[in-house]
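Chemist: What follows is the file run_5.txt, containing compact mmCIF, C-alpha atoms (C1' of nucleotides):
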# COMPACT_ATOMS: atom_id res chain seq x y z
CA MET U 1 99.06 145.48 95.37
CA ILE U 2 96.86 146.19 98.35
CA LEU U 3 93.67 144.25 98.85
CA THR U 4 90.50 145.74 100.30
CA SER U 5 89.36 143.94 103.40
CA LYS U 6 86.48 142.17 101.71
CA ILE U 7 88.67 140.88 98.95
CA GLU U 8 91.33 139.94 101.41
CA SER U 9 88.88 137.94 103.48
CA PHE U 10 87.89 136.01 100.38
CA VAL U 11 91.49 135.32 99.45
CA MET U 12 92.40 134.23 102.96
CA HIS U 13 89.36 132.00 103.08
CA CYS U 14 90.50 130.31 99.87
CA GLY U 15 93.79 129.74 101.63
CA GLU U 16 92.15 128.09 104.61
CA MET U 17 89.98 125.93 102.38
CA GLY U 18 92.87 125.16 100.05
CA SER U 19 93.91 121.97 101.75
CA ARG U 20 90.35 120.70 101.77
CA TRP U 21 90.04 121.32 98.06
CA GLY U 22 93.20 119.42 97.31
CA PHE U 23 96.00 121.96 97.36
CA ASN U 24 97.85 123.87 100.06
CA ARG U 25 97.27 127.20 101.72
CA THR U 26 99.26 129.47 99.45
CA VAL U 27 98.07 127.74 96.31
CA GLY U 28 94.53 128.29 97.53
CA GLN U 29 95.24 131.97 98.18
CA MET U 30 96.83 132.39 94.80
CA TYR U 31 93.88 130.86 93.09
CA GLY U 32 91.42 132.99 95.04
CA LEU U 33 93.38 136.10 94.17
CA LEU U 34 93.48 135.30 90.49
CA ILE U 35 89.75 134.67 90.39
CA ILE U 36 88.75 137.79 92.26
CA HIS U 37 91.11 140.11 90.43
CA GLN U 38 89.94 141.31 87.07
CA GLU U 39 93.36 141.93 85.53
CA PRO U 40 95.90 139.19 85.01
CA LEU U 41 98.69 139.29 87.59
CA THR U 42 102.42 138.77 87.39
CA ALA U 43 104.33 136.48 89.70
CA VAL U 44 105.66 139.55 91.51
CA ASP U 45 102.15 140.96 91.98
CA ILE U 46 101.09 137.71 93.57
CA SER U 47 104.16 137.43 95.72
CA GLU U 48 103.61 140.97 97.03
CA ALA U 49 99.87 140.70 97.50
CA LEU U 50 100.19 137.52 99.52
CA ASN U 51 103.57 138.15 101.14
CA ILE U 52 105.10 134.96 99.91
CA SER U 53 108.40 134.30 98.24
CA ARG U 54 108.88 134.48 94.54
CA GLY U 55 109.92 130.84 94.44
CA ASN U 56 106.77 129.77 96.17
CA VAL U 57 104.67 131.59 93.60
CA SER U 58 106.48 129.74 90.86
CA MET U 59 105.72 126.39 92.47
CA GLY U 60 102.14 127.37 93.16
CA ILE U 61 101.54 128.37 89.56
CA LYS U 62 102.96 125.05 88.46
CA GLU U 63 100.54 123.29 90.77
CA LEU U 64 97.58 125.30 89.49
CA GLN U 65 98.64 124.54 85.96
CA SER U 66 98.67 120.84 86.72
CA TRP U 67 95.03 121.29 87.68
CA ARG U 68 94.50 123.29 84.47
CA LEU U 69 93.15 126.20 86.49
CA VAL U 70 95.35 129.07 85.32
CA GLN U 71 96.50 130.32 82.00
CA VAL U 72 99.49 132.40 81.05
CA GLN U 73 99.26 135.52 78.94
CA HIS U 74 101.80 137.92 77.54
CA LYS U 75 101.56 141.61 76.90
CA PRO U 76 103.31 143.28 73.99
CA LYS U 77 106.62 144.90 74.87
CA ASP U 78 106.68 143.07 78.18
CA ARG U 79 108.60 139.97 78.97
CA LYS U 80 106.68 139.12 82.13
CA GLU U 81 104.13 136.34 82.35
CA TYR U 82 100.62 137.35 83.30
CA TYR U 83 98.43 134.78 85.01
CA SER U 84 94.67 134.57 85.00
CA PRO U 85 92.09 131.89 85.80
CA ALA U 86 91.43 129.45 82.96
CA GLY U 87 87.85 129.47 81.80
CA THR U 88 84.58 130.20 83.52
CA ILE U 89 83.82 129.39 87.12
CA TRP U 90 81.77 126.48 85.90
CA GLU U 91 84.57 125.06 83.79
CA MET U 92 86.99 125.41 86.64
CA ALA U 93 84.65 123.61 89.02
CA THR U 94 84.39 120.83 86.47
CA ARG U 95 88.15 120.60 86.27
CA VAL U 96 88.64 120.46 89.99
CA PHE U 97 86.03 117.74 90.09
CA GLU U 98 87.63 115.74 87.33
CA GLU U 99 91.13 116.19 88.65
CA ARG U 100 90.09 115.05 92.07
CA ARG U 101 88.42 112.01 90.59
CA LYS U 102 91.72 111.13 88.96
CA ARG U 103 93.59 111.51 92.21
CA GLU U 104 91.05 110.15 94.67
CA ILE U 105 89.22 107.42 92.82
CA ASP U 106 91.18 106.13 89.85
CA PRO U 107 94.14 104.73 91.81
CA THR U 108 91.81 102.81 94.09
CA LEU U 109 89.83 101.48 91.19
CA SER U 110 92.98 100.18 89.62
CA LEU U 111 94.18 98.53 92.84
CA LEU U 112 90.82 96.86 93.30
CA ARG U 113 90.78 95.59 89.75
CA ASP U 114 94.19 94.01 90.28
CA ASN U 115 93.23 92.42 93.55
CA LEU U 116 90.00 91.03 92.16
CA LEU U 117 91.87 89.14 89.44
CA ASP U 118 93.41 86.74 91.93
CA GLU U 119 91.60 83.79 93.43
CA PRO U 120 90.90 84.18 97.14
CA ALA U 121 93.29 82.01 99.14
CA ASN U 122 91.13 81.47 102.20
CA GLN U 123 87.85 82.29 103.89
CA LYS U 124 88.94 85.75 104.96
CA GLU U 125 89.95 86.63 101.46
CA VAL U 126 86.60 85.52 100.13
CA TYR U 127 84.92 88.05 102.35
CA ALA U 128 87.54 90.67 101.56
CA GLN U 129 87.00 90.20 97.85
CA GLU U 130 83.26 90.53 98.24
CA LYS U 131 83.75 93.89 99.88
CA MET U 132 86.32 94.98 97.35
CA HIS U 133 83.87 94.03 94.68
CA GLU U 134 81.18 96.19 96.21
CA ILE U 135 83.55 99.13 96.45
CA HIS U 136 84.78 98.57 92.94
CA ASP U 137 81.26 98.57 91.53
CA LEU U 138 80.33 101.67 93.44
CA LEU U 139 83.38 103.58 92.31
CA GLU U 140 82.95 102.45 88.76
CA THR U 141 79.37 103.63 88.69
CA VAL U 142 80.35 106.95 90.18
CA THR U 143 83.19 107.37 87.70
CA HIS U 144 80.96 106.49 84.82
CA TRP U 145 78.35 108.91 86.04
CA ALA U 146 80.90 111.67 86.48
CA GLY U 147 82.13 111.15 82.93
CA GLU U 148 78.58 111.30 81.74
CA LEU U 149 78.01 114.63 83.45
CA GLN U 150 81.24 115.98 82.06
CA SER U 151 80.35 115.10 78.52
CA MET U 152 77.15 117.11 78.81
CA SER U 153 77.12 120.74 77.80
CA PRO U 154 77.10 123.21 80.67
CA GLU U 155 73.59 124.33 79.70
CA LYS U 156 72.21 120.83 79.73
CA LEU U 157 73.96 120.14 82.99
CA ASN U 158 72.36 123.23 84.39
CA THR U 159 68.96 122.07 83.23
CA LEU U 160 69.56 118.78 84.94
CA MET U 161 70.67 120.53 88.10
CA LYS U 162 67.76 122.91 88.12
CA LEU U 163 65.42 120.01 87.55
CA GLY U 164 65.97 119.31 91.20
CA ALA U 165 63.22 117.27 92.76
CA GLY U 166 62.01 116.61 89.27
CA VAL U 167 64.78 114.10 88.63
CA SER U 168 62.98 111.56 90.67
CA LYS U 169 59.79 112.04 88.70
CA VAL U 170 61.58 111.83 85.40
CA ILE U 171 63.04 108.50 86.39
CA ASN U 172 59.63 107.19 87.26
CA LEU U 173 58.46 108.37 83.87
CA LYS U 174 61.30 106.60 82.17
CA ASP U 175 60.54 103.45 84.13
CA LYS U 176 56.96 103.54 82.96
CA LEU U 177 57.98 103.97 79.37
CA ILE U 178 60.34 101.02 79.64
CA ASN U 179 57.76 98.82 81.31
CA LYS U 180 55.14 99.64 78.72
CA SER U 181 57.29 98.69 75.76
CA MET X 1 96.21 89.67 113.85
CA ILE X 2 98.20 89.00 110.73
CA LEU X 3 96.96 90.19 107.38
CA THR X 4 97.39 88.25 104.17
CA SER X 5 99.32 90.18 101.58
CA LYS X 6 96.29 90.96 99.45
CA ILE X 7 94.36 92.31 102.40
CA GLU X 8 97.39 94.18 103.60
CA SER X 9 97.84 95.84 100.23
CA PHE X 10 94.25 97.04 100.37
CA VAL X 11 94.65 98.38 103.89
CA MET X 12 97.90 100.15 103.05
CA HIS X 13 96.33 101.62 99.96
CA CYS X 14 93.52 103.03 102.07
CA GLY X 15 96.23 104.59 104.19
CA GLU X 16 97.90 106.23 101.25
CA MET X 17 94.59 107.50 99.92
CA GLY X 18 93.46 108.56 103.37
CA SER X 19 94.64 112.12 103.10
CA ARG X 20 93.00 112.52 99.73
CA TRP X 21 89.71 111.30 101.12
CA GLY X 22 89.82 113.76 103.97
CA PHE X 23 91.52 111.96 106.84
CA ASN X 24 95.08 110.94 107.63
CA ARG X 25 97.09 107.82 106.90
CA THR X 26 96.34 105.77 109.99
CA VAL X 27 92.68 106.71 109.98
CA GLY X 28 92.53 105.55 106.39
CA GLN X 29 94.21 102.26 107.28
CA MET X 30 91.89 101.72 110.21
CA TYR X 31 88.88 102.29 108.05
CA GLY X 32 90.15 99.96 105.34
CA LEU X 33 90.84 97.30 107.90
CA LEU X 34 87.40 97.54 109.44
CA ILE X 35 85.73 97.30 106.04
CA ILE X 36 87.73 94.37 104.82
CA HIS X 37 87.51 92.37 108.04
CA GLN X 38 84.33 90.46 108.60
CA GLU X 39 84.38 90.41 112.39
CA PRO X 40 84.30 93.56 114.49
CA LEU X 41 87.70 94.47 115.91
CA THR X 42 88.85 95.78 119.27
CA ALA X 43 91.15 98.73 119.67
CA VAL X 44 93.97 96.34 120.53
CA ASP X 45 93.35 94.27 117.39
CA ILE X 46 93.62 97.39 115.30
CA SER X 47 96.68 98.66 117.09
CA GLU X 48 98.45 95.32 116.55
CA ALA X 49 97.35 94.81 112.98
CA LEU X 50 98.57 98.24 111.94
CA ASN X 51 101.47 98.63 114.36
CA ILE X 52 100.23 101.87 115.78
CA SER X 53 99.87 103.01 119.36
CA ARG X 54 96.79 102.38 121.39
CA GLY X 55 96.28 106.12 121.84
CA ASN X 56 96.37 106.70 118.13
CA VAL X 57 93.67 104.10 117.62
CA SER X 58 91.49 105.89 120.10
CA MET X 59 91.93 109.19 118.26
CA GLY X 60 91.35 107.53 114.92
CA ILE X 61 88.13 105.91 116.05
CA LYS X 62 86.94 109.27 117.30
CA GLU X 63 87.68 110.75 113.89
CA LEU X 64 85.85 107.97 112.08
CA GLN X 65 82.91 108.43 114.40
CA SER X 66 82.79 112.11 113.56
CA TRP X 67 82.35 110.98 109.97
CA ARG X 68 79.70 108.47 111.13
CA LEU X 69 81.65 105.67 109.50
CA VAL X 70 82.10 103.25 112.41
CA GLN X 71 79.85 101.81 115.01
CA VAL X 72 80.62 100.34 118.38
CA GLN X 73 79.34 96.98 119.52
CA HIS X 74 79.62 95.02 122.73
CA LYS X 75 79.78 91.32 123.32
CA PRO X 76 78.18 89.68 126.34
CA LYS X 77 80.61 88.99 129.17
CA ASP X 78 83.20 91.24 127.58
CA ARG X 79 83.94 94.77 128.52
CA LYS X 80 85.85 95.62 125.35
CA GLU X 81 84.45 97.77 122.58
CA TYR X 82 84.18 96.17 119.17
CA TYR X 83 84.29 98.39 116.12
CA SER X 84 82.79 97.75 112.72
CA PRO X 85 81.88 99.85 109.69
CA ALA X 86 78.55 101.64 109.94
CA GLY X 87 76.15 100.63 107.21
CA THR X 88 76.60 99.41 103.67
CA ILE X 89 79.36 100.54 101.36
CA TRP X 90 76.83 102.69 99.60
CA GLU X 91 75.68 104.39 102.78
CA MET X 92 79.24 105.03 103.80
CA ALA X 93 80.08 106.59 100.46
CA THR X 94 77.05 108.83 100.86
CA ARG X 95 78.25 109.86 104.28
CA VAL X 96 81.76 110.67 103.15
CA PHE X 97 80.23 112.70 100.38
CA GLU X 98 77.90 114.58 102.68
CA GLU X 99 80.53 115.14 105.32
CA ARG X 100 82.92 116.51 102.77
CA ARG X 101 80.28 118.82 101.45
CA LYS X 102 79.89 120.19 104.96
CA ARG X 103 83.61 120.72 105.32
CA GLU X 104 84.52 121.82 101.81
CA ILE X 105 81.54 123.78 100.56
CA ASP X 106 79.34 125.01 103.39
CA PRO X 107 81.93 127.31 104.99
CA THR X 108 82.63 128.98 101.67
CA LEU X 109 78.98 129.37 100.92
CA SER X 110 78.49 131.10 104.21
CA LEU X 111 81.44 133.43 103.70
CA LEU X 112 80.19 134.35 100.25
CA ARG X 113 76.70 135.05 101.53
CA ASP X 114 78.13 137.42 104.12
CA ASN X 115 80.34 139.21 101.65
CA LEU X 116 77.52 139.62 99.15
CA LEU X 117 75.38 141.46 101.67
CA ASP X 118 77.65 144.49 101.67
CA GLU X 119 77.66 147.13 98.99
CA PRO X 120 80.80 147.15 96.86
CA ALA X 121 83.01 150.08 97.85
CA ASN X 122 84.79 150.55 94.54
CA GLN X 123 85.22 149.26 91.02
CA LYS X 124 87.39 146.34 92.04
CA GLU X 125 84.84 145.20 94.55
CA VAL X 126 82.10 145.32 91.94
CA TYR X 127 84.04 142.83 89.88
CA ALA X 128 84.92 140.78 92.94
CA GLN X 129 81.28 140.57 93.95
CA GLU X 130 80.27 139.44 90.48
CA LYS X 131 82.71 136.58 90.72
CA MET X 132 81.66 135.73 94.24
CA HIS X 133 78.10 135.69 93.04
CA GLU X 134 78.94 133.23 90.31
CA ILE X 135 80.73 130.97 92.74
CA HIS X 136 77.93 131.28 95.23
CA ASP X 137 75.33 130.26 92.69
CA LEU X 138 77.39 127.36 91.48
CA LEU X 139 77.98 126.03 94.97
CA GLU X 140 74.37 126.50 95.91
CA THR X 141 73.21 124.54 92.90
CA VAL X 142 75.67 121.77 93.64
CA THR X 143 74.62 121.66 97.27
CA HIS X 144 70.98 121.56 96.35
CA TRP X 145 71.65 118.80 93.88
CA ALA X 146 73.64 116.81 96.40
CA GLY X 147 70.82 117.07 98.90
CA GLU X 148 68.42 115.90 96.25
CA LEU X 149 70.51 112.82 95.54
CA GLN X 150 70.80 112.08 99.21
CA SER X 151 67.08 112.19 99.74
CA MET X 152 66.60 109.53 97.10
CA SER X 153 66.52 105.89 98.08
CA PRO X 154 69.68 103.94 97.29
CA GLU X 155 67.78 101.85 94.73
CA LYS X 156 66.46 104.86 92.91
CA LEU X 157 69.87 106.46 93.00
CA ASN X 158 71.30 103.33 91.52
CA THR X 159 68.72 103.39 88.76
CA LEU X 160 69.67 106.97 88.05
CA MET X 161 73.36 106.09 88.02
CA LYS X 162 72.87 103.07 85.82
CA LEU X 163 70.81 105.18 83.47
CA GLY X 164 74.10 106.53 82.27
CA ALA X 165 73.96 108.04 78.82
CA GLY X 166 70.21 107.82 79.09
CA VAL X 167 70.04 110.78 81.41
CA SER X 168 70.58 113.11 78.55
CA LYS X 169 67.78 111.52 76.57
CA VAL X 170 65.42 111.58 79.49
CA ILE X 171 65.99 115.29 79.87
CA ASN X 172 65.21 115.84 76.23
CA LEU X 173 62.06 113.80 76.71
CA LYS X 174 61.07 115.90 79.67
CA ASP X 175 61.72 119.06 77.69
CA LYS X 176 59.48 117.85 74.91
CA LEU X 177 56.70 117.01 77.32
CA ILE X 178 56.93 120.44 78.86
CA ASN X 179 56.97 122.21 75.52
CA LYS X 180 53.96 120.29 74.29
CA SER X 181 51.77 121.15 77.25
C1' DT R 1 127.59 137.76 72.26
C1' DT R 2 126.17 140.01 76.24
C1' DA R 3 123.52 141.31 79.90
C1' DA R 4 119.13 142.51 81.69
C1' DA R 5 114.84 140.73 82.99
C1' DC R 6 112.62 137.33 84.03
C1' DT R 7 111.49 132.08 85.66
C1' DT R 8 112.64 127.67 87.81
C1' DT R 9 114.85 124.67 90.96
C1' DC R 10 116.06 122.83 95.16
C1' DA R 11 118.61 122.33 99.74
C1' DG R 12 117.71 123.53 104.05
C1' DA R 13 114.64 125.99 107.54
C1' DA R 14 110.13 126.69 109.33
C1' DA R 15 105.58 125.35 110.12
C1' DT R 16 102.27 122.02 110.46
C1' DT R 17 100.42 117.64 111.34
C1' DA R 18 100.50 113.03 113.18
C1' DC R 19 102.02 109.66 116.67
C1' DT R 20 103.56 107.80 121.02
C1' DG R 21 103.28 106.44 125.58
C1' DA R 22 102.46 107.46 130.18
C1' DA R 23 99.09 109.28 133.22
C1' DA R 24 94.33 110.17 134.08
C1' DC R 25 89.93 108.66 133.70
C1' DT R 26 85.85 105.26 133.52
C1' DT R 27 83.42 101.18 134.33
C1' DC R 28 82.21 97.25 136.54
C1' DA R 29 82.73 92.58 138.93
C1' DG R 30 83.65 90.85 143.27
C1' DC C 1 85.01 100.11 148.23
C1' DT C 2 88.91 98.07 145.38
C1' DG C 3 91.40 96.94 141.60
C1' DA C 4 91.39 94.96 137.08
C1' DA C 5 90.29 95.90 132.45
C1' DG C 6 89.37 98.80 129.65
C1' DT C 7 89.34 103.94 127.21
C1' DT C 8 90.80 108.80 126.64
C1' DT C 9 93.77 112.66 126.90
C1' DC C 10 97.64 115.28 125.96
C1' DA C 11 102.57 116.95 126.33
C1' DG C 12 106.40 116.03 123.90
C1' DT C 13 108.53 114.03 119.80
C1' DA C 14 108.68 112.42 115.12
C1' DA C 15 107.40 112.78 110.43
C1' DT C 16 105.74 115.33 106.79
C1' DT C 17 104.71 119.26 104.28
C1' DT C 18 105.43 123.82 102.93
C1' DC C 19 108.24 127.93 102.22
C1' DT C 20 112.36 130.63 101.48
C1' DG C 21 116.08 132.55 99.07
C1' DA C 22 120.08 132.01 96.58
C1' DA C 23 121.85 129.90 92.52
C1' DA C 24 121.03 128.13 88.01
C1' DG C 25 118.41 128.42 83.88
C1' DT C 26 115.98 130.85 80.02
C1' DT C 27 114.78 134.31 76.82
C1' DT C 28 115.31 138.28 74.17
C1' DA C 29 116.73 143.01 72.85
C1' DA C 30 120.51 145.32 71.32
Starting from the file, lay out its structure as structure tokens.
Modeler:
Amino acid sequence: MILTSKIESFVMHCGEMGSRWGFNRTVGQMYGLLIIHQEPLTAVDISEALNISRGNVSMGIKELQSWRLVQVQHKPKDRKEYYSPAGTIWEMATRVFEERRKREIDPTLSLLRDNLLDEPANQKEVYAQEKMHEIHDLLETVTHWAGELQSMSPEKLNTLMKLGAGVSKVINLKDKLINKS
Amino acid sequence: MILTSKIESFVMHCGEMGSRWGFNRTVGQMYGLLIIHQEPLTAVDISEALNISRGNVSMGIKELQSWRLVQVQHKPKDRKEYYSPAGTIWEMATRVFEERRKREIDPTLSLLRDNLLDEPANQKEVYAQEKMHEIHDLLETVTHWAGELQSMSPEKLNTLMKLGAGVSKVINLKDKLINKS
DNA sequence: TTAAACTTTCAGAAATTACTGAAACTTCAG
DNA sequence: CTGAAGTTTCAGTAATTTCTGAAAGTTTAA
């Protein structure tokens, strides 16, 4: 498996960005490779293309599976596992988004909820709870919003996205309708 | 500077989440502490409250400043620098969001743009470019959308957020209006 | 069963990232 | 100026994360 320089630059870039997207370098590279390569790849293909150990590929695939970003296929008369990206680019973006929400927001939300149950014990805690409340409300709104977006069909989401500057106008419209009634 | 257990748990949680939010443990703790503490804190306060070295505080503050999340204040007759969170919770969330977009999306967008300028050299590259195109378009839409949200006033944004399930309906409404005309 | 062909696991090594603390730097009151 | 009170820098060390490769596990064809 030899990569042309353009493809290689994409794969390496995915590696560099990997940690920013929530996984590590090799997992990023693996994911980039799977996306950019039309045919499903075996663990050995990946290990050779990226010059990483077989064991590392196994762990990386596990990680990508935990993000629901790859799927396994089998070919007849062949015992090997073939990996390919799971779903369309759009679906995968949605999954990364959702998964990150779970990892980055949900734990905080739950901590805040717990802390807000207790009575503040002193002046400092009163202030602290106010702030925690603000953060809690913000995160809850964002979470709710994110869920909303996810429950929309890709086409509708796209409409909403493309609406662009129009969103603002539509809200005004809605406001008017509400006020009238 | 001693923290009550509830406040401490919040600060430590911010530390643990730090790396997921884009910075490291101590930077996360520092940020949590500044948010939860009503009065601005000096570098020494922070270093004592979190048991970290003075030098580390300095580096952490620099990092938080690069995210535009802290501001420096001075008190009369006092040469020390006092740090406090910059802006409301909402504004700070917006900044983290924007800053992450810059770090997580913009570089990829620029790489993809470059790669898409060249002609594909073979069949594999044709496929690769298709995929890169899809990713490019997705990221561009998201970026555009994010910019849109950011240009809206916090109140309007909140209205939009609170709209929740209504968004879908509003879009339908808009569609109808367009179709009628 | 057996053994070939594959995958997974995990202890230890390597690489990366974060932290300390001492020295250098800056600022300002006297 | 001088030095006291602060901040920043950065080389070296500590902590954490990632990767390797060998051993253990799994699956299936014969």
Chemist: Identify all chain X residues at most 8 Å from chain C by counting all atoms listed in the file; ligands do not count. Present them as a CSV table (one decimal) with C-alpha atoms, in the frame of the given file.
Modeler:
chain,number,residue,atom,x,y,z
X,55,GLY,CA,96.3,106.1,121.8
X,58,SER,CA,91.5,105.9,120.1
X,79,ARG,CA,83.9,94.8,128.5
X,80,LYS,CA,85.8,95.6,125.4
Chemist: Restrict the distance test to all atoms listed in the file, flag each residue of chain X within 6 Å of chain U, and return the flagged residues as a PyMOL selection string.
Modeler: chain X and resi 20+36+104+128
Chemist: Could you tell me which residues of chain R sit within 10 Å of chain X when counting all atoms listed in the file, and give me the result as number ranges by chain?
Modeler: R: 17-21, 27-28
Chemist: Contacts of Ile46 of chain U at 9 Å or less, counting all atoms listed in the file, minus same-chain residues fewer than 3 places along, as a VMD selection string?
Modeler: chain U and resid 1 30 33 to 34 41 to 43 49 to 52 54 57
Chemist: Rounded to one decimal place, report the atom CA of Gly28 of chain X-atom CA of Asp106 of chain U distance in Å.
Modeler: 16.6 Å
Chemist: Quote the spacing between atom CA of Val44 of chain X and atom CA of Val126 of chain U in Å to one decimal place.
Modeler: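 Those two atoms sit 24.2 Å apart.
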Chemist: In Å to one decimal, how far is atom CA of Gln150 of chain X from atom CA of Thr94 of chain X?
Modeler: 7.2 Å
Chemist: Using all atoms listed in the file for the distances, tell me which of U:Ala86, U:Lys62, U:Pro40, U:Glu16 is nearest to DT8 of chain R.
Modeler: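 Of the candidates, the smallest distance to DT8 of chain R is held by U:Lys62.
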